[in-house]
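Okay, structure-v7.cif is below, mmCIF, C-alpha atoms:
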```
data_final
loop_
_atom_site.label_atom_id
_atom_site.label_comp_id
_atom_site.auth_asym_id
_atom_site.auth_seq_id
_atom_site.Cartn_x
_atom_site.Cartn_y
_atom_site.Cartn_z
CA MET A 1400 -25.83 -135.29 71.05
CA GLY A 1401 -23.30 -132.64 72.00
CA ARG A 1402 -22.03 -134.69 74.93
CA TYR A 1403 -21.70 -137.78 72.76
CA PHE A 1404 -19.83 -135.85 70.06
CA ARG A 1405 -17.36 -134.42 72.59
CA ARG A 1406 -16.81 -137.90 73.99
CA ARG A 1407 -16.07 -139.27 70.52
CA LEU A 1408 -13.74 -136.35 69.82
CA LEU A 1409 -11.79 -137.05 73.01
CA THR A 1410 -11.55 -140.70 71.98
CA ALA A 1411 -10.25 -139.76 68.52
CA ILE A 1412 -7.33 -137.72 69.88
CA PRO A 1413 -5.36 -140.64 71.43
CA VAL A 1414 -6.21 -142.77 68.38
CA PHE A 1415 -4.64 -140.12 66.15
CA PHE A 1416 -1.45 -139.91 68.19
CA GLY A 1417 -1.34 -143.71 68.40
CA ILE A 1418 -1.44 -143.93 64.60
CA THR A 1419 1.39 -141.42 64.20
CA PHE A 1420 3.52 -143.21 66.81
CA LEU A 1421 2.97 -146.62 65.21
CA VAL A 1422 3.93 -145.34 61.74
CA PHE A 1423 6.96 -143.55 63.19
CA VAL A 1424 8.14 -146.76 64.90
CA LEU A 1425 7.63 -148.84 61.74
CA LEU A 1426 9.63 -146.33 59.69
CA SER A 1427 12.40 -146.36 62.30
CA LEU A 1428 12.57 -150.17 62.18
CA SER A 1429 13.43 -150.04 58.48
CA PRO A 1430 16.88 -151.57 57.86
CA ALA A 1431 17.94 -148.53 55.82
CA ASP A 1432 17.34 -144.79 55.88
CA VAL A 1433 17.89 -141.79 53.64
CA THR A 1434 21.64 -141.73 54.37
CA ASP A 1435 22.02 -145.08 52.59
CA LEU A 1436 20.89 -143.51 49.31
CA GLY A 1437 24.03 -141.40 49.04
CA GLU A 1438 27.15 -142.39 47.21
CA GLY A 1439 30.04 -143.98 49.01
CA ALA A 1440 30.35 -146.79 51.48
CA SER A 1441 27.77 -146.95 54.21
CA GLY A 1442 28.96 -146.38 57.72
CA GLY A 1443 31.58 -143.83 56.67
CA ALA A 1444 32.25 -140.49 58.31
CA GLN A 1445 30.15 -138.70 55.70
CA GLN A 1446 27.13 -140.84 56.44
CA ALA A 1447 27.57 -140.39 60.22
CA ALA A 1448 27.72 -136.61 59.76
CA LEU A 1449 24.54 -136.70 57.68
CA GLU A 1450 22.75 -138.78 60.32
CA GLU A 1451 23.76 -136.27 62.97
CA ALA A 1452 22.60 -133.34 60.83
CA LEU A 1453 19.20 -134.97 60.28
CA GLY A 1454 18.88 -136.09 63.90
CA LEU A 1455 18.79 -139.77 62.96
CA ASP A 1456 21.48 -140.60 65.49
CA LYS A 1457 19.16 -139.82 68.41
CA PRO A 1458 17.03 -142.46 70.20
CA LEU A 1459 13.60 -143.18 68.76
CA PRO A 1460 11.58 -141.61 71.64
CA VAL A 1461 13.61 -138.39 71.39
CA ARG A 1462 13.04 -138.20 67.64
CA TYR A 1463 9.31 -138.86 67.96
CA LEU A 1464 8.88 -136.24 70.67
CA ALA A 1465 10.80 -133.72 68.56
CA TRP A 1466 8.54 -134.47 65.56
CA LEU A 1467 5.44 -134.35 67.76
CA GLY A 1468 6.49 -131.00 69.21
CA GLY A 1469 6.79 -129.61 65.68
CA LEU A 1470 3.36 -131.01 64.80
CA LEU A 1471 1.75 -129.30 67.81
CA ARG A 1472 3.35 -126.04 66.64
CA GLY A 1473 1.90 -126.58 63.17
CA GLU A 1474 5.20 -127.68 61.62
CA LEU A 1475 5.70 -130.94 59.74
CA GLY A 1476 9.44 -130.57 59.22
CA GLN A 1477 11.41 -130.48 56.00
CA SER A 1478 11.96 -133.06 53.32
CA TYR A 1479 15.27 -134.90 53.67
CA LEU A 1480 15.89 -134.86 49.92
CA SER A 1481 14.51 -131.54 48.65
CA GLY A 1482 14.80 -129.49 51.84
CA ARG A 1483 11.32 -128.05 51.18
CA PRO A 1484 8.78 -127.71 53.98
CA VAL A 1485 6.58 -130.80 54.09
CA ALA A 1486 3.49 -128.66 54.69
CA GLY A 1487 4.06 -126.89 51.37
CA MET A 1488 4.51 -130.19 49.54
CA LEU A 1489 1.27 -131.50 51.04
CA ALA A 1490 -0.61 -128.30 50.16
CA GLN A 1491 0.23 -128.85 46.49
CA ARG A 1492 -1.07 -132.44 46.59
CA VAL A 1493 -4.26 -132.11 48.65
CA GLY A 1494 -6.25 -130.47 45.84
CA PRO A 1495 -5.63 -133.18 43.21
CA SER A 1496 -6.34 -135.92 45.78
CA LEU A 1497 -9.61 -134.29 46.81
CA LEU A 1498 -10.58 -133.90 43.15
CA LEU A 1499 -9.90 -137.56 42.38
CA THR A 1500 -11.44 -139.04 45.54
CA GLY A 1501 -14.39 -136.63 45.59
CA THR A 1502 -15.23 -137.30 41.94
CA GLY A 1503 -14.99 -141.06 42.41
CA VAL A 1504 -17.17 -141.03 45.54
CA LEU A 1505 -19.75 -138.71 43.92
CA LEU A 1506 -20.00 -140.91 40.82
CA ALA A 1507 -20.36 -144.02 42.99
CA ILE A 1508 -23.19 -142.42 44.97
CA LEU A 1509 -24.99 -141.15 41.85
CA LEU A 1510 -24.86 -144.62 40.32
CA ALA A 1511 -25.36 -146.77 43.42
CA LEU A 1512 -28.43 -145.08 44.91
CA PRO A 1513 -30.76 -145.28 41.87
CA LEU A 1514 -29.43 -148.73 40.92
CA GLY A 1515 -29.97 -150.05 44.46
CA ILE A 1516 -33.49 -148.60 44.56
CA LEU A 1517 -34.36 -150.11 41.16
CA ALA A 1518 -32.91 -153.48 42.18
CA ALA A 1519 -35.08 -153.48 45.32
CA TRP A 1520 -38.14 -152.28 43.39
CA ARG A 1521 -37.81 -155.00 40.74
CA PRO A 1522 -36.15 -158.09 42.27
CA ARG A 1523 -34.78 -160.62 39.76
CA SER A 1524 -35.14 -158.07 36.97
CA GLY A 1525 -32.47 -156.72 34.64
CA TRP A 1526 -31.73 -153.94 37.14
CA ASP A 1527 -31.22 -156.48 39.89
CA ARG A 1528 -28.88 -158.56 37.74
CA ALA A 1529 -26.93 -155.45 36.73
CA ALA A 1530 -26.58 -154.48 40.39
CA SER A 1531 -25.34 -157.96 41.26
CA ALA A 1532 -22.83 -157.95 38.40
CA LEU A 1533 -21.43 -154.55 39.37
CA SER A 1534 -21.20 -155.60 43.00
CA LEU A 1535 -19.34 -158.76 42.00
CA VAL A 1536 -16.80 -156.77 39.99
CA SER A 1537 -16.41 -154.19 42.75
CA PHE A 1538 -15.91 -156.79 45.48
CA GLY A 1539 -13.93 -159.38 43.53
CA VAL A 1540 -11.51 -157.40 41.35
CA PRO A 1541 -8.57 -155.63 43.06
CA GLY A 1542 -8.23 -151.92 42.42
CA PHE A 1543 -4.80 -152.16 40.80
CA PHE A 1544 -6.14 -154.75 38.32
CA LEU A 1545 -9.03 -152.43 37.42
CA CYS A 1546 -6.40 -149.75 36.76
CA LEU A 1547 -4.50 -152.03 34.39
CA VAL A 1548 -7.67 -153.11 32.57
CA GLY A 1549 -8.76 -149.48 32.19
CA VAL A 1550 -5.37 -148.45 30.78
CA LEU A 1551 -5.31 -151.41 28.35
CA LEU A 1552 -8.87 -150.87 27.12
CA PHE A 1553 -9.32 -147.09 27.03
CA SER A 1554 -5.73 -145.92 26.49
CA VAL A 1555 -3.88 -148.64 24.57
CA LEU A 1556 -6.58 -150.34 22.49
CA LEU A 1557 -9.13 -147.56 21.97
CA GLY A 1558 -6.87 -144.55 22.53
CA TRP A 1559 -9.71 -142.52 24.01
CA LEU A 1560 -8.22 -141.42 27.32
CA PRO A 1561 -4.73 -140.59 28.63
CA SER A 1562 -3.29 -142.92 31.25
CA GLN A 1563 -0.73 -140.75 33.02
CA GLY A 1564 -0.65 -137.47 34.89
CA MET A 1565 -3.18 -134.71 35.42
CA TYR A 1566 -2.29 -132.49 32.45
CA GLU A 1567 -1.25 -133.18 28.87
CA TYR A 1568 1.97 -131.18 28.92
CA GLY A 1569 2.54 -130.95 32.68
CA VAL A 1570 0.76 -127.58 32.94
CA PHE A 1571 -2.89 -126.57 33.16
CA THR A 1572 -4.30 -125.93 29.68
CA GLY A 1573 -8.02 -126.13 30.38
CA VAL A 1574 -10.77 -127.88 32.30
CA GLY A 1575 -11.39 -130.30 29.45
CA ASP A 1576 -7.81 -131.54 29.62
CA VAL A 1577 -8.11 -132.17 33.38
CA LEU A 1578 -11.41 -134.02 32.90
CA ARG A 1579 -9.90 -136.29 30.23
CA HIS A 1580 -7.05 -137.23 32.57
CA LEU A 1581 -9.47 -137.57 35.50
CA ALA A 1582 -11.88 -139.95 33.76
CA LEU A 1583 -9.89 -143.19 34.10
CA PRO A 1584 -8.64 -142.90 37.71
CA ALA A 1585 -11.98 -141.52 38.94
CA GLY A 1586 -13.77 -144.34 37.15
CA VAL A 1587 -11.62 -146.91 38.94
CA VAL A 1588 -12.29 -145.25 42.33
CA CYS A 1589 -16.01 -145.23 41.49
CA VAL A 1590 -16.18 -148.92 40.51
CA SER A 1591 -14.11 -149.94 43.55
CA GLY A 1592 -16.61 -148.30 45.93
CA LEU A 1593 -19.77 -149.08 43.99
CA GLY A 1594 -20.46 -152.63 45.17
CA GLU A 1595 -20.91 -151.93 48.87
CA LEU A 1596 -23.14 -148.91 48.22
CA VAL A 1597 -25.41 -150.78 45.79
CA LYS A 1598 -25.66 -153.78 48.08
CA GLN A 1599 -26.53 -151.71 51.16
CA THR A 1600 -29.04 -149.51 49.30
CA ARG A 1601 -30.84 -152.54 47.88
CA SER A 1602 -30.85 -154.36 51.23
CA ALA A 1603 -32.07 -151.32 53.18
CA CYS A 1604 -34.85 -150.58 50.67
CA LEU A 1605 -36.03 -154.20 50.68
CA GLU A 1606 -36.16 -154.12 54.47
CA SER A 1607 -38.16 -150.87 54.43
CA LEU A 1608 -40.66 -152.32 51.96
CA GLY A 1609 -41.77 -154.79 54.63
CA GLU A 1610 -42.62 -152.09 57.16
CA ASP A 1611 -46.19 -151.24 58.15
CA TYR A 1612 -46.01 -147.64 56.92
CA ILE A 1613 -45.23 -148.90 53.40
CA LEU A 1614 -48.37 -151.06 53.46
CA THR A 1615 -50.32 -148.03 54.68
CA ALA A 1616 -48.95 -145.88 51.86
CA ARG A 1617 -49.95 -148.48 49.30
CA ALA A 1618 -53.41 -148.83 50.89
CA LYS A 1619 -53.89 -145.08 50.44
CA GLY A 1620 -53.39 -145.51 46.71
CA LEU A 1621 -49.86 -144.15 46.28
CA GLY A 1622 -48.05 -145.34 43.17
CA GLU A 1623 -45.09 -147.70 43.42
CA ARG A 1624 -42.64 -145.00 42.37
CA ALA A 1625 -43.81 -142.66 45.13
CA VAL A 1626 -43.73 -145.50 47.65
CA MET A 1627 -40.15 -146.37 46.73
CA VAL A 1628 -38.68 -142.87 46.52
CA ARG A 1629 -40.68 -140.94 49.13
CA HIS A 1630 -41.12 -143.65 51.75
CA ALA A 1631 -38.94 -146.76 51.31
CA PHE A 1632 -35.76 -144.87 50.47
CA ARG A 1633 -36.29 -142.32 53.24
CA GLY A 1634 -36.70 -145.14 55.71
CA ALA A 1635 -33.49 -146.70 54.42
CA LEU A 1636 -31.52 -143.44 54.52
CA THR A 1637 -29.76 -144.06 57.86
CA PRO A 1638 -28.03 -147.35 56.90
CA VAL A 1639 -27.23 -145.95 53.45
CA LEU A 1640 -25.63 -142.87 55.01
CA THR A 1641 -23.65 -145.13 57.32
CA THR A 1642 -22.35 -147.10 54.35
CA VAL A 1643 -21.47 -144.01 52.30
CA LEU A 1644 -19.50 -142.28 55.05
CA GLY A 1645 -18.05 -145.47 56.49
CA HIS A 1646 -16.74 -146.48 53.07
CA ILE A 1647 -14.88 -143.22 52.44
CA PRO A 1648 -11.75 -144.27 54.44
CA HIS A 1649 -11.49 -147.42 52.31
CA ILE A 1650 -11.83 -145.33 49.16
CA ILE A 1651 -9.08 -143.00 50.40
CA GLY A 1652 -6.81 -145.99 50.93
CA GLY A 1653 -7.62 -147.37 47.49
CA SER A 1654 -6.97 -143.99 45.89
CA VAL A 1655 -3.35 -144.20 47.05
CA VAL A 1656 -2.76 -147.14 44.68
CA VAL A 1657 -4.81 -145.52 41.90
CA GLU A 1658 -2.73 -142.34 42.07
CA GLN A 1659 0.50 -144.31 41.83
CA VAL A 1660 -0.63 -146.34 38.81
CA PHE A 1661 -1.96 -143.34 36.89
CA GLY A 1662 0.79 -140.94 37.96
CA TRP A 1663 -1.81 -138.63 39.50
CA PRO A 1664 -0.02 -135.85 41.45
CA GLY A 1665 -1.84 -136.40 44.73
CA MET A 1666 -1.15 -137.56 48.26
CA GLY A 1667 -0.86 -141.22 47.26
CA SER A 1668 1.94 -140.70 44.74
CA LEU A 1669 3.71 -138.43 47.25
CA LEU A 1670 3.46 -141.19 49.86
CA PHE A 1671 5.01 -143.73 47.50
CA TRP A 1672 7.76 -141.26 46.60
CA GLY A 1673 8.53 -140.68 50.28
CA ILE A 1674 8.68 -144.41 51.03
CA GLU A 1675 10.83 -145.16 48.00
CA ASN A 1676 13.31 -142.41 48.90
CA ARG A 1677 13.07 -143.02 52.67
CA ASP A 1678 12.01 -139.42 53.15
CA TYR A 1679 10.34 -140.03 56.50
CA PRO A 1680 9.10 -136.48 57.21
CA VAL A 1681 7.12 -136.65 53.97
CA VAL A 1682 5.68 -140.08 54.90
CA MET A 1683 4.70 -138.80 58.34
CA GLY A 1684 3.08 -135.72 56.83
CA VAL A 1685 0.92 -137.82 54.51
CA THR A 1686 0.08 -140.10 57.45
CA VAL A 1687 -1.16 -137.10 59.45
CA VAL A 1688 -3.44 -135.95 56.62
CA ILE A 1689 -4.90 -139.41 55.94
CA ALA A 1690 -5.40 -140.16 59.66
CA LEU A 1691 -7.19 -136.84 60.16
CA ALA A 1692 -9.39 -137.49 57.11
CA VAL A 1693 -10.42 -140.93 58.41
CA LEU A 1694 -11.09 -139.73 61.97
CA LEU A 1695 -13.05 -136.68 60.79
CA THR A 1696 -15.11 -138.93 58.52
CA ASN A 1697 -16.01 -141.10 61.51
CA LEU A 1698 -17.02 -138.02 63.50
CA LEU A 1699 -19.09 -136.82 60.54
CA LEU A 1700 -20.76 -140.22 60.46
CA ASP A 1701 -21.92 -139.76 64.06
CA LEU A 1702 -23.36 -136.33 63.22
CA ALA A 1703 -25.11 -137.76 60.15
CA TYR A 1704 -26.71 -140.44 62.33
CA GLY A 1705 -28.29 -137.79 64.50
CA LEU A 1706 -29.45 -135.65 61.58
CA ALA A 1707 -30.92 -138.60 59.67
CA ASP A 1708 -32.66 -140.15 62.67
CA PRO A 1709 -33.67 -137.87 65.59
CA ARG A 1710 -34.15 -140.95 67.78
CA VAL A 1711 -30.41 -141.60 67.55
CA ARG A 1712 -29.61 -138.00 68.43
CA TYR A 1713 -31.85 -137.82 71.44
CA GLY A 1714 -30.95 -141.31 72.62
CA ARG A 1715 -27.24 -140.41 72.65
CA GLY A 1716 -27.63 -136.85 73.83
#
```

Can I see the file as structure tokens?
Amino acid sequence: MGRYFRRRLLTAIPVFFGITFLVFVLLSLSPADVTDLGEGASGGAQQAALEEALGLDKPLPVRYLAWLGGLLRGELGQSYLSGRPVAGMLAQRVGPSLLLTGTGVLLAILLALPLGILAAWRPRSGWDRAASALSLVSFGVPGFFLCLVGVLLFSVLLGWLPSQGMYEYGVFTGVGDVLRHLALPAGVVCVSGLGELVKQTRSACLESLGEDYILTARAKGLGERAVMVRHAFRGALTPVLTTVLGHIPHIIGGSVVVEQVFGWPGMGSLLFWGIENRDYPVVMGVTVVIALAVLLTNLLLDLAYGLADPRVRYGRG
């Protein structure tokens, strides 16, 4: 297991640098940069001086190597517009993003696991139909449309929940205020990730119910509830774990749109701000954080495989 993990870690390193290089190249291919946002005619002496001050007049490989050297020293550069260190800007946004994504993922797991088990336990029942309906909504409705429907229903028509920001007056006034603002965006993140988890839990439990050890458990007189929870679900744990951890990168990507729609002060809204203002150090900083989160999730998935199924651990060791 240790050898396999080290091998995967060594594979993840070039993937990470490849992602940063690709994003850097795509940003550099943009027909405009931050100097075009200033007043005055483009191409003037003022703009040329600004490009030189920001290092934008240098060739692309030189600029990437300079940025990469700063990254290896633990520096992400400074924002073109505000002049603030990018690392400090990211530090302020990581907490809200973790709160939103973590809450959405946790709610999806808490709903999907029991619903998937009940759907497998009682096929063609009300639970099974509810699971199918939720999966259809989760798979078929885009995240941004769920955001708009949530705002229309719970904010405009019913007036129950706020639709913008993290705090009522822009400052922390209490946990209750944060939870009210969190409910809508976290609900959208939850629904967006619910379908795959319900589907995989139901499928894995149904497959486990056909195994010989389930028939043995029933022959010993165990009740159906004990058979489902203590035996069928445990046998289905490995594919369910795979789905949960493997779906987190998709949820992170979806949260970027959710944050923008709801004005949530997280990494996603910062990414959109950086793109809109062509503040490339900020965009690269967010890229680094998201790429690390996705790669670490994949490494965690490999560890979870080994912990959930010793045969996987020993076979790969």

Between A:Leu1670, A:Ser1654, A:Ala1690, A:Gly1665, which is the closest to Gly1494 (chain A) once you count only C-alpha atoms?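 Among the listed residues, the smallest separation from Gly1494 (chain A) belongs to A:Gly1665.
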
Take CA of Arg1579 (chain A) and CA of Leu1560 (chain A) and report the distance between them in Å, one decimal.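 About the pair CA of Arg1579 (chain A) and CA of Leu1560 (chain A): they are 6.1 Å apart.
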
In Å, with one decimal, what is the gap from CA of Val1424 (chain A) to CA of Leu1698 (chain A)?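 Value for the CA of Val1424 (chain A)-CA of Leu1698 (chain A) distance: 26.7 Å.
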
So which residues are close to (-26.1, -146.0, 47.7), meaning at most 6 Å away in the file's coordinates with all atoms listed in the file counted, and can you show them as a PDB file with C-alpha atoms, in the coordinates of the input?
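That gives us selection-v7.pdb:
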```
ATOM      1  CA  ILE A1508     -23.190-142.420  44.970  1.00  0.00           C
ATOM      2  CA  ALA A1511     -25.360-146.770  43.420  1.00  0.00           C
ATOM      3  CA  LEU A1512     -28.430-145.080  44.910  1.00  0.00           C
ATOM      4  CA  LEU A1596     -23.140-148.910  48.220  1.00  0.00           C
ATOM      5  CA  VAL A1597     -25.410-150.780  45.790  1.00  0.00           C
ATOM      6  CA  THR A1600     -29.040-149.510  49.300  1.00  0.00           C
ATOM      7  CA  VAL A1639     -27.230-145.950  53.450  1.00  0.00           C
TER       8      VAL A1639
END
```

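For Phe1415 (chain A), the residues within 9 Å (counting all atoms listed in the file, excluding itself and residues fewer than 2 positions away along the chain) are Ala1411, Ile1412, Pro1413, Gly1417, Ile1418, Thr1419, Phe1420, Val1687, Ala1690, Leu1691 and Leu1694 of chain A.
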
Written as a list in words, which residues does the PyMOL selection byres ((chain A and resi 1563-1568) around 10) give for the file shown?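 This file gives the following for the PyMOL selection byres ((chain A and resi 1563-1568) around 10): Pro1495, Val1550, Ser1554, Leu1560, Pro1561, Ser1562, Gly1569, Val1570, Phe1571, Thr1572, Gly1573, Val1574, Gly1575, Asp1576, Val1577, Leu1578, Arg1579, His1580, Leu1581, Leu1583, Pro1584, Glu1658, Gln1659, Val1660, Phe1661, Gly1662, Trp1663, Pro1664 and Gly1665 of chain A.
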
Residues matched by the PyMOL selection byres ((chain A and resi 1463-1476) around 10) as a ChimeraX atom specification: /A:1416,1419-1420,1423-1424,1427,1454,1457-1462,1477-1479,1482-1487,1489,1679-1681,1683-1685,1687

Might you spell out which residues the PyMOL selection byres ((chain A and resi 1518) around 9) would select in the displayed file, as a tab-separated table (two decimals) with C-alpha atoms, in the coordinates of the input?
```tsv
chain	number	residue	atom	x	y	z
A	1513	PRO	CA	-30.76	-145.28	41.87
A	1514	LEU	CA	-29.43	-148.73	40.92
A	1515	GLY	CA	-29.97	-150.05	44.46
A	1516	ILE	CA	-33.49	-148.60	44.56
A	1517	LEU	CA	-34.36	-150.11	41.16
A	1519	ALA	CA	-35.08	-153.48	45.32
A	1520	TRP	CA	-38.14	-152.28	43.39
A	1521	ARG	CA	-37.81	-155.00	40.74
A	1522	PRO	CA	-36.15	-158.09	42.27
A	1523	ARG	CA	-34.78	-160.62	39.76
A	1524	SER	CA	-35.14	-158.07	36.97
A	1525	GLY	CA	-32.47	-156.72	34.64
A	1526	TRP	CA	-31.73	-153.94	37.14
A	1527	ASP	CA	-31.22	-156.48	39.89
A	1528	ARG	CA	-28.88	-158.56	37.74
A	1529	ALA	CA	-26.93	-155.45	36.73
A	1530	ALA	CA	-26.58	-154.48	40.39
A	1531	SER	CA	-25.34	-157.96	41.26
A	1597	VAL	CA	-25.41	-150.78	45.79
A	1601	ARG	CA	-30.84	-152.54	47.88
```

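When CA of Leu1498 (chain A) is paired with CA of Ala1692 (chain A), their separation reads 14.5 Å.
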
Could you check the closest approach to Val1643 (chain A) for each of A:Leu1557, A:Leu1509, A:Leu1408, A:Leu1605 and tell me which residue wins, using only C-alpha atoms?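 Answer, going by the shortest atom-to-atom distance: A:Leu1509.
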